[in-house]
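**Student:** Dropping a structure here in structure tokens format, bear with me for questions.
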Amino acid sequence: MDPRTRTTFLFASLAGAAMIHVVLAACGGGGGSSRAYGEDDGGDTPTSGGVGTPTGAVMAFAGVNAPPGWLACDGSAISRTQYAALYAAIGVASGSGDGVSTFNVPDYRGRFLRGVDDGTHADPDARSRTAAAPGANVGDAVGSLEAWAFASHQHPVVDPGHAHPLADPGHAHGVMDPGHGHTINDPGHGHQACFGEETETTVEPPGNFGRTADWWENYDGCTDNVVQPHTTGITINGALTGVSIAGATTNVSVLTSTTGVSVGPTGGSVETRPVNVAVHWIIKT
């Protein structure tokens, strides 16, 4: 191993050891001291001054490769006999492997971890959690997977108000008249004639009353050859005309308008996430 590779490996190992040591201390190692991996032959049994790391424990690791006694949580299928202790600890919670001789370690790549709800309803969709791999646990159990989701929310709509102008180039309606007529109602009437006194003695043939228009003079206040006016009683009846006004294409149009309506932003990613730093998740064998 060249000096540069040896130095890189040393720093990675030291960083990983420091990370595990800090996590163990934060989890309550007891007795005032905690141990990093590699301080005993397996790290699985209680020791004076602390508790060993149990098989199946998962930790964040800042190094590149998992240290001895640990495996990367990458979903790999591993032997049930070679890793009997780990198989006894987690079973097929994260996948049943080939269903006979292998099982899967958890696949935590690119994922956050969440505690099992255990009936607390802190995870409202716990019962709908799915299997992370074939044969893995579902529902409210270790190893189950829950897809990303957005909480129900609203986006405000801002409308400063707008109007649409109307454009009417003008139009006309045609009139249709199929023709109609009015009947006349005449109950009958007559006109009174007033004749003057005859001054001539000429005898006219019968039927002409012995008179001509030029031979009459005023008589009893009547004027020669006058026919008196008369109220006739004639009326013109109403009629259904059949007149109709034809429809017309108006060419009226509603013009588009810049509304100014806007909808609040929705975000630009396919997931909702906090600020985060990437680590490797590793599991104790």
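Each chain of the structure tokens is named A, B, ... in the order shown, its residues numbered from 1; ligands are numbered from 1 in display order.
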Can you tell me, as an NGL selection string, what residues are no more than 10 Å from range 125-131 of chain A when counting only C-alpha atoms, ignoring any on the same chain fewer than 3 positions away?
**Tutor:** :A and (93-95 or 116-122 or 134-141 or 143-147)
**Student:** What lies within 10 Å of Leu240 in chain A using only C-alpha atoms, ignoring chain neighbours under 5 positions off, as JSON, numbers by chain?
**Tutor:** {"A": [179, 180, 181, 182]}
**Student:** Those selected residues, please, written with C-alpha atoms and delivered as a compact mmCIF listing (two decimals), in the first residue's frame.
**Tutor:**
```txt
# COMPACT_ATOMS: atom_id res chain seq x y z
CA GLY A 179 -98.13 39.09 -46.76
CA HIS A 180 -101.39 39.69 -44.92
CA GLY A 181 -104.78 41.39 -45.25
CA HIS A 182 -107.39 43.15 -43.10
```
**Student:** Neighbours of Ala172 in chain A within 12 Å (only C-alpha atoms; same-chain residues fewer than 6 positions away dropped), as JSON, numbers by chain?
**Tutor:** {"A": [245, 246, 247, 248, 249, 250, 251]}
**Student:** Please measure the separation of CA of Gly56 in chain A and CA of Thr272 in chain A, giving the value in Å to one decimal.
**Tutor:** 29.1 Å
**Student:** Run DSSP on the backbone and tell me which residues of range 76-174 of chain A come out as alpha helix (DSSP H); list them as a PyMOL selection string.
**Tutor:** chain A and resi 84-90
